[in-house]
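Visitor: My structure is below; once you've seen it, I'll send some questions.
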Amino acid sequence: MMRLVALLVLLCGAHGFRMQMKLGPNGQQIQSRRDALSFAAALLAFPSASVAYEKVAEPTPAWEEAEAQAAAFRKKQRELAKTFNAFFDAFTSATNEKIMQDNLQSMTKFVVQQGGLPSGITAKQVISGVRSKKADMSRAGGWETETEMAYLDLTLQMRRLSLPL
């Protein structure tokens with residue numbers, strides 16, 4: 001921290017608080033001792049900025065391992081999304097209150113077991129789908145209190161798991 005403060009003081013003093021400084025590897029304009037001093041101080045403060053990185057022609061084993069782990073994660077998430085979508089599709093196609101309640105409870109258990117929704121499925125999508133079904137059922141004289149409680153439990157668990165304390 002002290003090094004950074006010293007560098008800022010050095011740069012500000014060397015340039016008289018001017019913000020237009022054109023010192024760099026391509027177009028270095030060192031016109032005075034102050035410019036040279038501030039350029040040297042910047043190089044001393046950030047020595048890693050002048051180090052060139054070697055370009056790797058072949059993927060490293062660590063990169064290949066990370067890619068394999070990422071592919072396995074994506075595959076698992078696709079399978080979890082299929083399972084969740086099966087529950088959700090069964091819920092949206094149900095006309096019986098008991099079946100809707102069971103599907104909402106199954107979705108809630110799934111979300112709790114997995115620690116949240118699968119990637120690719122958002123809480124907003126789930127909530128808007130359930131609200132659409134709720135509106136259809138309410139117009140037809142359905143959507144009992146137990147179904148509402150199961151829906152509220154699902155939304156509570158989704159929010160709790162997406163924003164842990």
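Every chain in the structure tokens has a letter given in the order shown (A, B, ...), and although residue numbers restart at 1 in each chain, ligands are simply numbered from 1 in the order shown.
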Got a sec: who's within 9 Å of A:Phe88, counting only C-alpha atoms, leaving out chain neighbours fewer than 5 positions off, as a VMD selection string?
Guide: chain A and resid 83 93 103 to 104 107 126 129 to 130
Visitor: Ranking A:Lys133, A:Arg159, A:Asp153, A:Glu58 by minimum distance to A:Glu97 and counting only C-alpha atoms, which one comes first?
Guide: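 The closest residue to A:Glu97 is A:Lys133.
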Visitor: Let me make sure I understand: among A:Ser106, A:Gln101, A:Ser128, A:Gln69, which one has the smallest atom-to-atom distance to A:Ala86 if we use only C-alpha atoms?
Guide: A:Ser106
Visitor: Could you tell me which of A:Glu65, A:Tyr151, A:Leu156, A:Gln114 comes closest to A:Phe84 if we count only C-alpha atoms?
Guide: A:Gln114
Visitor: Got a sec: who's within 10 Å of A:Ile121, counting only C-alpha atoms, leaving out chain neighbours fewer than 3 positions off, as a list in words?
Guide: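 The contact residues come out as Gln77, Ala81, Phe84, Asn85, Gly116, Leu117, Pro118, Lys124, Gln125 and Val126 of chain A.
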Visitor: Between A:Met158, A:Ala135, A:Val56, A:Ala90, which has the minimum distance to A:Thr108 (counting only C-alpha atoms)?
Guide: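 Distance minimum relative to A:Thr108 lands on A:Met158.
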Visitor: Kindly give the distance, in Å, that separates atom CA of A:Lys75 and atom CA of A:Ser119, rounded to a single decimal.
Guide: 10.8 Å
Visitor: To one decimal place, how far is atom CA of A:Gly141 from atom CA of A:Ile127 in Å?
Guide: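 Straight-line distance from atom CA of A:Gly141 to atom CA of A:Ile127 works out to 20.5 Å.
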Visitor: What does the distance between atom CA of A:Val112 and atom CA of A:Arg160 come to in Å, to one decimal place?
Guide: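 Between atom CA of A:Val112 and atom CA of A:Arg160 the gap is 9.6 Å.
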Visitor: Nearest to A:Glu144: which of A:Gln105, A:Pro61, A:Arg74, A:Asn96 is it, counting only C-alpha atoms?
Guide: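 Under the stated criterion, the closest residue is A:Asn96.
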Visitor: Return as a VMD selection string the full set of residues in stretch 51-158 of chain A whose backbone-based DSSP assignment is helix (DSSP H, G or I).
Guide: chain A and resid 61 to 93 97 to 114 123 to 139 145 to 158
Visitor: Just the residues within 8 Å of A:Trp143, please, counting only C-alpha atoms, with nothing from its chain fewer than 4 positions along; format it as a PyMOL selection string.
Guide: chain A and resi 97+134+137-138+147-148
Visitor: Keeping C-alpha atoms for every residue in the selection just given, could you write it to a file as an mmCIF file, in the first residue's frame?
Guide:
```cif
data_model
loop_
_atom_site.group_PDB
_atom_site.id
_atom_site.type_symbol
_atom_site.label_atom_id
_atom_site.label_comp_id
_atom_site.auth_asym_id
_atom_site.auth_seq_id
_atom_site.Cartn_x
_atom_site.Cartn_y
_atom_site.Cartn_z
ATOM 1 C CA GLU A 97 -55.038 -30.412 -7.432
ATOM 2 C CA LYS A 134 -52.212 -20.600 -11.107
ATOM 3 C CA MET A 137 -56.644 -22.788 -12.400
ATOM 4 C CA SER A 138 -58.032 -19.770 -10.518
ATOM 5 C CA THR A 147 -51.407 -25.925 -3.643
ATOM 6 C CA GLU A 148 -50.597 -22.313 -2.790
#
```
